[in-house]
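What follows is the content of run.cif (mmCIF, C-alpha atoms).
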```
data_protein
#
loop_
_atom_site.label_atom_id
_atom_site.label_comp_id
_atom_site.auth_asym_id
_atom_site.auth_seq_id
_atom_site.Cartn_x
_atom_site.Cartn_y
_atom_site.Cartn_z
CA MET B 16 -30.82 -53.43 28.24
CA SER B 17 -28.63 -51.75 30.78
CA ALA B 18 -26.03 -54.49 30.33
CA VAL B 19 -25.17 -53.23 26.84
CA GLU B 20 -25.16 -49.59 27.82
CA PRO B 21 -21.60 -48.28 27.64
CA ASN B 22 -20.35 -47.37 31.06
CA ARG B 23 -17.70 -44.74 31.07
CA SER B 24 -16.41 -45.44 34.56
CA ARG B 25 -15.64 -49.07 33.72
CA ARG B 26 -13.97 -48.28 30.44
CA PRO B 27 -10.27 -49.21 30.50
CA ALA B 28 -7.89 -46.27 30.48
CA ASN B 29 -6.47 -47.17 27.08
CA SER B 30 -9.86 -47.47 25.43
CA PRO B 31 -9.86 -45.86 22.01
CA TRP B 32 -13.25 -44.06 22.35
CA TRP B 33 -11.54 -40.70 21.85
CA ARG B 34 -9.63 -41.81 18.80
CA GLY B 35 -12.73 -41.43 16.68
CA MET B 36 -12.96 -37.81 17.79
CA VAL B 37 -9.34 -37.17 16.88
CA ALA B 38 -9.89 -38.79 13.49
CA ALA B 39 -12.96 -36.62 12.97
CA ALA B 40 -11.01 -33.49 13.94
CA VAL B 41 -8.21 -34.37 11.54
CA GLY B 42 -10.83 -34.97 8.87
CA VAL B 43 -12.36 -31.53 9.44
CA ALA B 44 -8.90 -29.99 9.32
CA ALA B 45 -8.20 -31.77 6.05
CA VAL B 46 -11.45 -30.44 4.60
CA ILE B 47 -10.51 -26.90 5.68
CA ALA B 48 -7.08 -27.31 4.15
CA LEU B 49 -8.60 -28.64 0.95
CA ALA B 50 -11.16 -25.85 0.81
CA VAL B 51 -8.46 -23.19 1.22
CA GLY B 52 -6.21 -25.02 -1.21
CA ALA B 53 -8.96 -25.22 -3.80
CA ALA B 54 -9.59 -21.47 -3.57
CA VAL B 55 -5.90 -20.73 -3.99
CA PRO B 56 -4.49 -22.32 -7.09
CA VAL B 57 -1.54 -19.96 -7.20
CA LEU B 58 0.61 -19.05 -4.24
CA THR B 59 0.94 -16.13 -3.84
CA ALA B 60 0.80 -12.49 -4.87
CA ASP B 61 1.55 -9.53 -2.63
CA ILE B 62 -1.38 -7.27 -1.83
CA PRO B 63 -1.08 -4.17 -4.04
CA LEU B 64 0.09 -1.15 -1.99
CA ALA B 65 -3.14 0.73 -2.64
CA LYS B 66 -5.26 -2.15 -1.35
CA ARG B 67 -3.50 -2.63 1.96
CA ARG B 68 -5.54 -1.78 5.01
CA SER B 69 -5.31 -2.04 8.74
CA THR B 70 -7.39 -4.66 10.56
CA TYR B 71 -8.93 -1.64 12.29
CA GLU B 72 -11.19 -1.21 9.27
CA GLN B 73 -12.70 -4.68 9.76
CA MET B 74 -13.56 -4.12 13.43
CA SER B 75 -16.98 -3.41 14.91
CA PRO B 76 -17.87 0.23 15.68
CA GLU B 77 -17.71 -0.61 19.40
CA THR B 78 -14.16 -1.94 19.23
CA LYS B 79 -13.08 0.99 17.06
CA ALA B 80 -14.52 3.42 19.65
CA MET B 81 -12.58 1.61 22.36
CA GLN B 82 -9.30 2.06 20.48
CA ASP B 83 -9.97 5.65 19.47
CA GLU B 84 -10.61 7.09 22.91
CA ASP B 85 -7.69 7.15 25.28
CA THR B 86 -9.88 6.84 28.38
CA ALA B 87 -11.59 3.75 26.95
CA ASN B 88 -8.50 2.06 25.49
CA PRO B 89 -7.14 -0.45 28.02
CA GLY B 90 -3.75 -0.28 26.29
CA MET B 91 -3.40 3.18 27.84
CA LEU B 92 -3.10 1.53 31.29
CA TRP B 93 0.19 0.06 30.07
CA VAL B 94 1.23 3.36 28.50
CA LEU B 95 0.82 5.04 31.90
CA ASP B 96 2.89 2.30 33.54
CA GLY B 97 5.48 2.70 30.79
CA GLU B 98 5.71 6.43 31.39
CA ALA B 99 6.48 5.78 35.06
CA LEU B 100 9.17 3.27 34.08
CA TRP B 101 10.61 5.76 31.58
CA ARG B 102 11.29 8.15 34.47
CA ALA B 103 12.42 5.52 37.02
CA THR B 104 16.13 4.89 37.51
CA ALA B 105 17.23 1.31 36.99
CA GLY B 106 20.44 -0.68 37.11
CA ALA B 107 23.96 -0.11 38.36
CA ALA B 108 24.38 3.01 36.22
CA GLY B 109 21.58 4.66 38.21
CA ARG B 110 20.02 6.17 35.14
CA ALA B 111 16.46 6.41 33.87
CA CYS B 112 15.52 6.30 30.18
CA ALA B 113 14.55 9.96 30.55
CA ASP B 114 18.06 10.94 31.76
CA CYS B 115 19.51 10.26 28.29
CA HIS B 116 16.48 10.45 26.01
CA GLY B 117 14.61 13.34 27.67
CA GLU B 118 10.98 13.82 26.83
CA ALA B 119 9.64 10.80 24.96
CA PRO B 120 7.08 12.71 22.84
CA GLN B 121 10.04 14.33 21.08
CA SER B 122 12.85 11.81 21.36
CA MET B 123 10.79 8.66 20.72
CA LYS B 124 8.59 10.10 17.99
CA GLY B 125 8.67 7.73 15.00
CA VAL B 126 11.00 5.22 16.66
CA ALA B 127 8.46 2.39 16.77
CA ALA B 128 7.50 3.10 13.15
CA ARG B 129 11.01 2.18 11.98
CA HIS B 130 11.61 -0.93 14.08
CA PRO B 131 12.78 -3.64 13.63
CA ALA B 132 15.81 -1.58 12.62
CA TYR B 133 19.20 -2.77 11.42
CA ASP B 134 21.83 -2.86 14.16
CA GLY B 135 25.33 -2.57 12.72
CA LYS B 136 27.05 -4.00 15.78
CA ARG B 137 24.96 -7.17 15.64
CA GLY B 138 24.63 -7.32 11.87
CA ALA B 139 20.94 -8.08 12.26
CA PRO B 140 17.62 -6.32 12.77
CA VAL B 141 16.53 -5.54 16.32
CA ASN B 142 12.88 -5.04 17.23
CA LEU B 143 11.62 -2.45 19.69
CA GLU B 144 11.59 -4.86 22.64
CA GLY B 145 15.13 -5.91 21.74
CA ARG B 146 16.26 -2.28 21.48
CA ILE B 147 14.86 -1.49 24.95
CA ASN B 148 16.67 -4.47 26.44
CA ILE B 149 19.95 -3.57 24.71
CA CYS B 150 19.68 -0.10 26.23
CA ARG B 151 18.92 -1.56 29.65
CA VAL B 152 21.85 -3.95 29.62
CA GLU B 153 24.47 -1.72 27.96
CA GLN B 154 23.54 1.75 29.20
CA GLN B 155 21.60 1.27 32.42
CA LYS B 156 23.59 -1.84 33.47
CA ALA B 157 20.31 -3.44 34.45
CA PRO B 158 19.11 -6.97 33.75
CA ALA B 159 17.12 -7.39 30.55
CA LEU B 160 13.34 -7.44 31.01
CA GLY B 161 11.61 -10.73 30.24
CA LEU B 162 9.96 -10.94 26.84
CA GLU B 163 6.16 -10.49 27.24
CA SER B 164 6.71 -9.30 30.85
CA LYS B 165 4.43 -6.54 32.07
CA ASP B 166 7.25 -4.01 32.40
CA LEU B 167 8.67 -4.62 28.92
CA LEU B 168 5.19 -4.42 27.37
CA ALA B 169 4.54 -1.20 29.29
CA LEU B 170 7.77 0.46 28.12
CA THR B 171 7.20 -0.74 24.56
CA ALA B 172 3.63 0.55 24.61
CA PHE B 173 4.74 3.93 25.95
CA ILE B 174 7.42 4.29 23.27
CA ALA B 175 5.17 3.00 20.48
CA ARG B 176 2.46 5.45 21.56
CA GLN B 177 4.78 8.30 20.51
CA SER B 178 4.56 7.09 16.90
CA ARG B 179 0.80 6.95 16.70
CA GLY B 180 -0.43 8.25 13.34
CA LEU B 181 3.02 8.19 11.74
CA PRO B 182 3.58 5.99 8.67
CA ILE B 183 5.57 2.78 9.07
CA GLU B 184 9.03 3.17 7.50
CA SER B 185 11.14 0.38 6.08
CA ASP B 186 13.68 1.68 3.60
CA ASP B 187 17.01 0.46 4.98
CA GLU B 188 18.79 -1.55 2.24
CA ARG B 189 20.63 -3.58 4.88
CA LEU B 190 17.31 -5.07 6.00
CA LYS B 191 16.76 -6.67 2.58
CA PRO B 192 18.17 -10.15 3.34
CA PHE B 193 16.16 -10.31 6.58
CA ILE B 194 12.99 -9.17 4.85
CA ASP B 195 13.59 -11.99 2.35
CA ASP B 196 14.04 -14.46 5.21
CA GLY B 197 10.79 -13.27 6.73
CA ARG B 198 9.03 -13.56 3.39
CA GLY B 199 10.31 -17.13 3.15
CA ILE B 200 8.66 -17.98 6.47
CA PHE B 201 5.50 -16.11 5.50
CA GLU B 202 5.10 -17.98 2.22
CA ARG B 203 6.24 -21.42 3.32
CA ARG B 204 3.61 -24.04 4.08
CA GLN B 205 4.09 -25.40 7.57
CA GLY B 206 2.45 -27.27 10.42
CA GLN B 207 0.05 -30.16 10.42
CA LEU B 208 -2.50 -28.14 8.45
CA ASN B 209 0.17 -27.46 5.82
CA LEU B 210 -0.75 -23.78 5.64
CA ALA B 211 1.32 -20.73 4.79
CA CYS B 212 0.64 -17.33 6.41
CA ALA B 213 0.21 -15.96 2.88
CA GLN B 214 -2.71 -18.25 2.08
CA CYS B 215 -4.91 -16.50 4.62
CA HIS B 216 -3.38 -13.04 4.77
CA ASN B 217 -2.49 -12.42 1.10
CA ASP B 218 -4.89 -14.57 -0.87
CA ASN B 219 -8.01 -14.74 1.26
CA TRP B 220 -8.13 -11.61 3.41
CA GLY B 221 -11.66 -10.31 3.80
CA GLN B 222 -13.08 -13.85 3.49
CA LYS B 223 -14.47 -15.75 6.45
CA LEU B 224 -12.61 -18.43 8.38
CA ALA B 225 -15.41 -19.82 10.52
CA GLY B 226 -16.78 -16.77 12.34
CA ILE B 227 -13.92 -14.38 11.83
CA THR B 228 -12.99 -12.15 8.93
CA LEU B 229 -9.44 -12.83 7.79
CA PRO B 230 -7.29 -9.73 8.21
CA GLN B 231 -4.39 -8.76 5.98
CA GLY B 232 -2.20 -9.06 9.04
CA HIS B 233 -0.36 -5.75 9.20
CA PRO B 234 1.36 -5.15 12.56
CA THR B 235 0.30 -1.51 12.79
CA GLY B 236 -0.79 -1.38 16.41
CA TYR B 237 1.58 -3.48 18.53
CA PRO B 238 1.86 -3.89 21.38
CA LEU B 239 -1.93 -4.12 21.38
CA TYR B 240 -4.74 -4.99 23.73
CA ARG B 241 -6.49 -8.08 22.48
CA LEU B 242 -9.91 -8.59 24.06
CA GLU B 243 -9.46 -12.35 23.76
CA TRP B 244 -6.24 -12.17 25.78
CA GLN B 245 -7.68 -9.63 28.23
CA THR B 246 -4.23 -8.11 28.23
CA LEU B 247 -1.56 -6.43 26.14
CA GLY B 248 0.68 -8.53 23.91
CA SER B 249 3.45 -8.16 21.36
CA VAL B 250 3.34 -9.01 17.68
CA GLN B 251 5.37 -12.13 18.46
CA ARG B 252 2.66 -13.35 20.82
CA ARG B 253 0.18 -12.88 17.99
CA LEU B 254 2.45 -14.75 15.56
CA ARG B 255 2.75 -17.55 18.08
CA ASN B 256 -1.07 -17.73 18.21
CA CYS B 257 -1.26 -18.04 14.45
CA MET B 258 1.42 -20.74 14.34
CA ILE B 259 -0.34 -22.78 17.01
CA GLY B 260 -3.53 -22.40 14.98
CA MET B 261 -1.70 -23.82 11.98
CA ARG B 262 -0.46 -26.61 14.25
CA ALA B 263 3.09 -25.61 13.53
CA GLU B 264 5.82 -25.45 16.15
CA SER B 265 6.16 -21.82 17.15
CA TYR B 266 9.51 -20.04 17.11
CA ALA B 267 10.75 -18.81 20.48
CA TYR B 268 10.10 -15.21 21.55
CA GLY B 269 12.97 -13.05 20.38
CA SER B 270 14.32 -15.69 17.99
CA PRO B 271 15.93 -14.54 14.71
CA GLU B 272 13.07 -16.18 12.79
CA PHE B 273 10.42 -14.15 14.60
CA VAL B 274 12.42 -10.93 14.22
CA ALA B 275 12.85 -11.66 10.48
CA LEU B 276 9.11 -12.29 10.16
CA GLU B 277 8.41 -9.07 12.06
CA THR B 278 10.85 -7.20 9.79
CA PHE B 279 9.09 -8.56 6.71
CA LEU B 280 5.63 -7.70 8.08
CA MET B 281 6.66 -4.11 8.85
CA TRP B 282 8.12 -3.80 5.33
CA ARG B 283 4.88 -5.21 3.96
CA ALA B 284 2.91 -2.65 6.01
CA ARG B 285 5.15 0.29 5.04
CA GLY B 286 3.23 3.53 4.73
CA LEU B 287 0.31 2.46 6.91
CA PRO B 288 -0.15 4.62 10.02
CA MET B 289 0.86 3.33 13.47
CA GLU B 290 -2.02 2.77 15.91
CA SER B 291 -0.22 1.64 19.07
CA PRO B 292 -1.62 0.73 21.47
CA ALA B 293 -4.37 -0.72 19.28
CA VAL B 294 -7.37 -2.76 20.42
CA ARG B 295 -8.31 -5.96 18.61
CA PRO B 296 -11.15 -8.40 19.25
CA MET T 18 -1.42 -0.72 42.56
CA SER T 19 -4.25 -0.16 40.15
CA ARG T 20 -4.33 2.36 37.38
CA ALA T 21 -7.63 3.88 36.39
CA LEU T 22 -8.74 5.98 33.45
CA ILE T 23 -11.70 8.28 34.07
CA ASN T 24 -13.63 10.27 31.50
CA VAL T 25 -15.95 12.90 32.97
CA PRO T 26 -16.66 16.07 30.96
CA ALA T 27 -14.89 19.02 32.62
CA LYS T 28 -17.85 21.31 31.91
CA ALA T 29 -21.57 20.71 31.45
CA LYS T 30 -24.80 22.68 31.31
CA ARG T 31 -27.19 22.31 34.23
CA GLY T 32 -29.64 19.48 33.53
CA GLU T 33 -27.50 18.01 30.74
CA VAL T 34 -27.18 14.24 30.50
CA ILE T 35 -23.49 13.37 30.62
CA ALA T 36 -21.67 10.12 29.89
CA ILE T 37 -19.14 8.91 32.43
CA LYS T 38 -16.58 6.26 31.52
CA THR T 39 -14.28 4.40 33.88
CA LEU T 40 -11.60 1.83 33.20
CA ILE T 41 -9.49 0.20 35.89
CA SER T 42 -6.64 -2.27 35.70
CA HIS T 43 -7.50 -5.51 37.46
CA LYS T 44 -6.83 -9.11 36.52
CA MET T 45 -10.32 -10.36 37.52
CA GLU T 46 -9.10 -13.87 38.28
CA THR T 47 -12.26 -15.99 38.15
CA GLY T 48 -11.39 -18.69 40.68
CA PHE T 49 -12.30 -21.34 38.14
CA ARG T 50 -8.83 -21.75 36.66
CA TYR T 51 -5.97 -24.06 37.56
CA THR T 52 -2.22 -23.71 37.20
CA ASN T 53 -0.49 -26.16 34.89
CA MET T 54 0.36 -28.15 38.02
CA GLY T 55 -3.36 -28.57 38.77
CA VAL T 56 -3.49 -26.17 41.71
CA PRO T 57 -6.64 -24.03 41.78
CA ILE T 58 -5.99 -20.29 41.34
CA PRO T 59 -8.00 -18.48 44.05
CA ARG T 60 -10.65 -16.01 43.02
CA GLU T 61 -9.52 -12.39 42.97
CA ILE T 62 -12.04 -10.02 41.46
CA ILE T 63 -13.54 -6.60 41.97
CA THR T 64 -16.93 -7.22 43.57
CA ALA T 65 -18.46 -3.74 43.74
CA PHE T 66 -18.27 -0.36 42.04
CA VAL T 67 -19.92 2.77 43.43
CA ALA T 68 -20.02 6.30 42.04
CA THR T 69 -21.03 9.28 44.19
CA TYR T 70 -21.74 12.83 43.02
CA ASN T 71 -21.01 15.36 45.80
CA GLY T 72 -21.56 12.58 48.31
CA GLU T 73 -24.79 11.25 46.81
CA GLU T 74 -24.72 7.78 45.29
CA ILE T 75 -25.60 7.93 41.59
CA PHE T 76 -24.51 4.52 40.31
CA ARG T 77 -23.66 1.12 41.75
CA ALA T 78 -22.72 -2.20 40.21
CA ASP T 79 -21.96 -5.65 41.56
CA LEU T 80 -19.26 -7.49 39.62
CA HIS T 81 -19.00 -11.26 39.18
CA PRO T 82 -16.39 -13.73 37.95
CA ALA T 83 -17.62 -13.65 34.34
CA ILE T 84 -16.58 -10.02 33.94
CA ALA T 85 -13.41 -9.59 31.90
CA ALA T 86 -10.11 -8.23 33.17
CA ASN T 87 -9.71 -4.44 33.33
CA PRO T 88 -13.45 -3.71 33.73
CA PHE T 89 -14.76 -0.81 31.65
CA ILE T 90 -17.91 0.66 33.21
CA THR T 91 -19.82 3.46 31.56
CA PHE T 92 -23.07 5.11 32.64
CA HIS T 93 -25.01 8.37 32.34
CA THR T 94 -26.11 10.93 34.88
CA VAL T 95 -27.65 14.39 34.94
CA ALA T 96 -25.26 17.26 35.63
CA THR T 97 -26.91 19.00 38.58
CA GLU T 98 -24.20 21.05 40.27
CA SER T 99 -20.46 21.73 40.22
CA GLY T 100 -18.33 19.50 42.37
CA ALA T 101 -16.65 16.14 42.45
CA ILE T 102 -17.66 12.71 41.24
CA GLU T 103 -15.99 9.95 43.22
CA PHE T 104 -15.50 6.37 42.14
CA LYS T 105 -14.76 3.45 44.41
CA TRP T 106 -13.96 -0.12 43.48
CA THR T 107 -13.79 -2.81 46.16
CA GLY T 108 -13.03 -6.49 45.86
CA ASP T 109 -11.49 -9.70 47.14
CA ASN T 110 -8.55 -9.71 49.55
CA GLY T 111 -9.39 -6.23 50.82
CA TYR T 112 -8.95 -4.65 47.40
CA SER T 113 -9.93 -1.00 47.27
CA ALA T 114 -9.28 1.82 44.81
CA THR T 115 -10.70 5.33 44.55
CA GLU T 116 -10.59 8.04 41.91
CA GLN T 117 -12.11 11.47 41.66
CA ALA T 118 -13.06 13.82 38.83
CA LYS T 119 -14.13 17.45 39.00
CA ILE T 120 -17.01 18.85 37.01
CA THR T 121 -18.11 22.47 36.52
CA VAL T 122 -21.82 22.94 35.88
CA GLU T 123 -22.97 26.24 34.41
#
```
Structure rendered as structure tokens:
Amino acid sequence: MSAVEPNRSRRPANSPWWRGMVAAAVGVAAVIALAVGAAVPVLTADIPLAKRRSTYEQMSPETKAMQDEDTANPGMLWVLDGEALWRATAGAAGRACADCHGEAPQSMKGVAARHPAYDGKRGAPVNLEGRINICRVEQQKAPALGLESKDLLALTAFIARQSRGLPIESDDERLKPFIDDGRGIFERRQGQLNLACAQCHNDNWGQKLAGITLPQGHPTGYPLYRLEWQTLGSVQRRLRNCMIGMRAESYAYGSPEFVALETFLMWRARGLPMESPAVRP
Amino acid sequence: MSRALINVPAKAKRGEVIAIKTLISHKMETGFRYTNMGVPIPREIITAFVATYNGEEIFRADLHPAIAANPFITFHTVATESGAIEFKWTGDNGYSATEQAKITVE
């Protein structure tokens, strides 16, 4: 009997035992795609303004409590770091953010709620991380901070914190072509699963995808502390997650595509209150 | 350097049960992970947390690799007298952090 038992250690390296598993996985993916496709004959209608809601409302009471209380919200650790950076001089100009902008609670109030904002000099929208780096390079004469680096997330979190509770604004006419670009990405099927963002986040929000409840996907609380990440991350990191989940090739951090998508998502979330730094499961 | 967030009520009535919440920044590297070059990442975690109330130990916890980054520890105690509640976290590679909060008991 033992002679016919498969023996893993003697199996040649190019043996196709795993190919069956890949085929099965692709099959499952196809079933998921079909199931979603079947539920969505028409792609795709915007969520009516009155029905839009933050993902906060779908969270457990425990996670909500964590976000609501500043001494329980881990995002506040980054806000404290960001406040220190705000006051620290940097670069050849020997200036701190505070030297020009003064007290952030006044000067930065509402700033995060209207980013990405149109930058006339560049003829394109700039997100909050981009704005901070422009200021560092042009005003402080300091090197730009790495995207998703701890310091940039900390400064972004500190600035975004000053907009907490304020409604997201997106009423600059010059943003229109970029919002349209972002909408194009949002509604286009992509990746090996052939999914569009809109299929989950417009057409099936509130339904289950395996164990999770699909959110509408409004970027109200970035940068946010995601329990799964065990750290703070930007909206672009979250978008990258989603694209990998769709088995699409992700855009690079800071790329025009991601900024356009971010610009569209903020337009789509206009009027919803900012929650930064939010907590998500 | 670690940052910590402490929530202790500033005032309490004598005999009242109060909630104490602590959150500290720490990566809590498990020791089970590898870099993308296959090199093991050494363990670096907080291993112990102790709270003392005017010098008397009121709460202690041992931490292990399965505990998430930025550990959030909350517990209850009885407000007995005014003074200071001290918190101490210790861990791998000589890690140590302390915080203190004052409480007034009436």
Of the listed residues B:Cys112, B:Arg203, B:Gln121, B:Ala105, that which approaches B:Lys156 most closely, counting all atoms listed in the file: B:Ala105
Within 7 Å of chain T, which residues belong to chain B? Use all atoms listed in the file and report them as number ranges by chain. B: 86-87, 92, 245
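In this comparison, which uses all atoms listed in the file, the residue of B:Leu167, B:Ala213, B:Ala128, B:Val94 approaching B:Pro288 most closely is B:Ala128.
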Two-atom distance - atom CA of T:Glu116, atom CA of B:Glu98 (Å):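 Taking atom CA of T:Glu116 as the start and atom CA of B:Glu98 as the end point, the length is 19.5 Å.
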Check what the PyMOL selection byres ((chain T and resi 46) around 7) selects in the file above and give those residues as a VMD selection string. chain T and resid 44 to 45 47 to 48 60 to 62
Keeping only C-alpha atoms, write the selected residues to a file as an mmCIF file, in the frame of the given file.
```cif
data_model
loop_
_atom_site.group_PDB
_atom_site.id
_atom_site.type_symbol
_atom_site.label_atom_id
_atom_site.label_comp_id
_atom_site.auth_asym_id
_atom_site.auth_seq_id
_atom_site.Cartn_x
_atom_site.Cartn_y
_atom_site.Cartn_z
ATOM 1 C CA LYS T 44 -6.830 -9.110 36.520
ATOM 2 C CA MET T 45 -10.320 -10.360 37.520
ATOM 3 C CA THR T 47 -12.260 -15.990 38.150
ATOM 4 C CA GLY T 48 -11.390 -18.690 40.680
ATOM 5 C CA ARG T 60 -10.650 -16.010 43.020
ATOM 6 C CA GLU T 61 -9.520 -12.390 42.970
ATOM 7 C CA ILE T 62 -12.040 -10.020 41.460
#
```
Expansion of the PyMOL selection byres ((chain T and resi 114) around 12) into residues, as a PyMOL selection string: chain T and resi 18-21+40-43+63-68+103-109+111-113+115-117
Nearby residues (only C-alpha atoms) at most 10 Å from stretch 138-149 of chain B, same-chain spacing under 6 positions excluded, as a ChimeraX atom specification: /B:112,126-132,155-163,167-168,170-172,174-175,189-190,192-194,238,249,269,271,273-275,277-278
Residues of the last selection are to be written out with C-alpha atoms, as a compact mmCIF listing (two decimals), keeping the file's coordinate frame.
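What landed in out38.txt:
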```txt
# COMPACT_ATOMS: atom_id res chain seq x y z
CA CYS B 112 15.52 6.30 30.18
CA VAL B 126 11.00 5.22 16.66
CA ALA B 127 8.46 2.39 16.77
CA ALA B 128 7.50 3.10 13.15
CA ARG B 129 11.01 2.18 11.98
CA HIS B 130 11.61 -0.93 14.08
CA PRO B 131 12.78 -3.64 13.63
CA ALA B 132 15.81 -1.58 12.62
CA GLN B 155 21.60 1.27 32.42
CA LYS B 156 23.59 -1.84 33.47
CA ALA B 157 20.31 -3.44 34.45
CA PRO B 158 19.11 -6.97 33.75
CA ALA B 159 17.12 -7.39 30.55
CA LEU B 160 13.34 -7.44 31.01
CA GLY B 161 11.61 -10.73 30.24
CA LEU B 162 9.96 -10.94 26.84
CA GLU B 163 6.16 -10.49 27.24
CA LEU B 167 8.67 -4.62 28.92
CA LEU B 168 5.19 -4.42 27.37
CA LEU B 170 7.77 0.46 28.12
CA THR B 171 7.20 -0.74 24.56
CA ALA B 172 3.63 0.55 24.61
CA ILE B 174 7.42 4.29 23.27
CA ALA B 175 5.17 3.00 20.48
CA ARG B 189 20.63 -3.58 4.88
CA LEU B 190 17.31 -5.07 6.00
CA PRO B 192 18.17 -10.15 3.34
CA PHE B 193 16.16 -10.31 6.58
CA ILE B 194 12.99 -9.17 4.85
CA PRO B 238 1.86 -3.89 21.38
CA SER B 249 3.45 -8.16 21.36
CA GLY B 269 12.97 -13.05 20.38
CA PRO B 271 15.93 -14.54 14.71
CA PHE B 273 10.42 -14.15 14.60
CA VAL B 274 12.42 -10.93 14.22
CA ALA B 275 12.85 -11.66 10.48
CA GLU B 277 8.41 -9.07 12.06
CA THR B 278 10.85 -7.20 9.79
```
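Taking atom CA of B:Asp134 and atom CA of B:Gly236 as the two end points, the separation is 22.8 Å.
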For B:Thr104: contacts at 12 Å, all atoms listed in the file, fewer than 2 positions along chain excluded, given as a list in words: Ala99, Leu100, Trp101, Arg102, Gly106, Ala107, Ala108, Gly109, Arg110, Ala111, Cys112, Ala113, Asp114, Cys115, Arg151, Gln154, Gln155, Lys156 and Ala157 of chain B
Please list as a PDB file with C-alpha atoms, in the frame of the given file every residue within 8 Å of B:Leu229, counting only C-alpha atoms and excluding residues in the same chain fewer than 3 positions away.
```pdb
ATOM      1  CA  CYS B 215      -4.910 -16.500   4.620  1.00  0.00           C
ATOM      2  CA  HIS B 216      -3.380 -13.040   4.770  1.00  0.00           C
ATOM      3  CA  ASN B 219      -8.010 -14.740   1.260  1.00  0.00           C
ATOM      4  CA  TRP B 220      -8.130 -11.610   3.410  1.00  0.00           C
ATOM      5  CA  GLY B 221     -11.660 -10.310   3.800  1.00  0.00           C
ATOM      6  CA  GLN B 222     -13.080 -13.850   3.490  1.00  0.00           C
ATOM      7  CA  LYS B 223     -14.470 -15.750   6.450  1.00  0.00           C
ATOM      8  CA  LEU B 224     -12.610 -18.430   8.380  1.00  0.00           C
TER       9      LEU B 224
END
```
Closest to B:Gln231 among B:Ser75, B:Asn88, B:Thr59, B:Ser69, using only C-alpha atoms?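 Once distances to B:Gln231 are computed over only C-alpha atoms, the minimum belongs to B:Ser69.
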With all atoms listed in the file as the counted atoms, please give the residues lying no more than 10 Å from B:Leu210, apart from itself and same-chain residues fewer than 4 positions off, as number ranges by chain. B: 48, 51-52, 201-206, 214-215, 258, 260-263
Based on the selection just made, write C-alpha atoms of those residues as a PDB file, keeping the file's coordinate frame.
```
ATOM      1  CA  ALA B  48      -7.080 -27.310   4.150  1.00  0.00           C
ATOM      2  CA  VAL B  51      -8.460 -23.190   1.220  1.00  0.00           C
ATOM      3  CA  GLY B  52      -6.210 -25.020  -1.210  1.00  0.00           C
ATOM      4  CA  PHE B 201       5.500 -16.110   5.500  1.00  0.00           C
ATOM      5  CA  GLU B 202       5.100 -17.980   2.220  1.00  0.00           C
ATOM      6  CA  ARG B 203       6.240 -21.420   3.320  1.00  0.00           C
ATOM      7  CA  ARG B 204       3.610 -24.040   4.080  1.00  0.00           C
ATOM      8  CA  GLN B 205       4.090 -25.400   7.570  1.00  0.00           C
ATOM      9  CA  GLY B 206       2.450 -27.270  10.420  1.00  0.00           C
ATOM     10  CA  GLN B 214      -2.710 -18.250   2.080  1.00  0.00           C
ATOM     11  CA  CYS B 215      -4.910 -16.500   4.620  1.00  0.00           C
ATOM     12  CA  MET B 258       1.420 -20.740  14.340  1.00  0.00           C
ATOM     13  CA  GLY B 260      -3.530 -22.400  14.980  1.00  0.00           C
ATOM     14  CA  MET B 261      -1.700 -23.820  11.980  1.00  0.00           C
ATOM     15  CA  ARG B 262      -0.460 -26.610  14.250  1.00  0.00           C
ATOM     16  CA  ALA B 263       3.090 -25.610  13.530  1.00  0.00           C
TER      17      ALA B 263
END
```
Might you spell out which residues the PyMOL selection byres ((chain B and resi 293) around 7) would select in the displayed file, as an mmCIF file with C-alpha atoms, in the coordinates of the input?
```cif
data_model
loop_
_atom_site.group_PDB
_atom_site.id
_atom_site.type_symbol
_atom_site.label_atom_id
_atom_site.label_comp_id
_atom_site.auth_asym_id
_atom_site.auth_seq_id
_atom_site.Cartn_x
_atom_site.Cartn_y
_atom_site.Cartn_z
ATOM 1 C CA GLN B 82 -9.300 2.060 20.480
ATOM 2 C CA GLY B 236 -0.790 -1.380 16.410
ATOM 3 C CA TYR B 237 1.580 -3.480 18.530
ATOM 4 C CA LEU B 239 -1.930 -4.120 21.380
ATOM 5 C CA TYR B 240 -4.740 -4.990 23.730
ATOM 6 C CA GLU B 290 -2.020 2.770 15.910
ATOM 7 C CA SER B 291 -0.220 1.640 19.070
ATOM 8 C CA PRO B 292 -1.620 0.730 21.470
ATOM 9 C CA VAL B 294 -7.370 -2.760 20.420
ATOM 10 C CA ARG B 295 -8.310 -5.960 18.610
#
```
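Taking atom CA of B:Asp186 and atom CA of B:Gly286 as endpoints, the distance between them is 10.7 Å.
Closest to T:Lys119 among T:Phe49, T:Phe92, T:Phe76, T:Tyr70 is T:Tyr70, based on all atoms listed in the file.
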Can you tell me which residues surround B:Arg283 at a distance of at most 12 Å, considering all atoms listed in the file, apart from same-chain residues fewer than 4 positions away, and format the answer as an MDAnalysis selection string? chainID B and resid 61:69 183:186 194:195 197:198 201 213 216:217 231:235 276:279 287
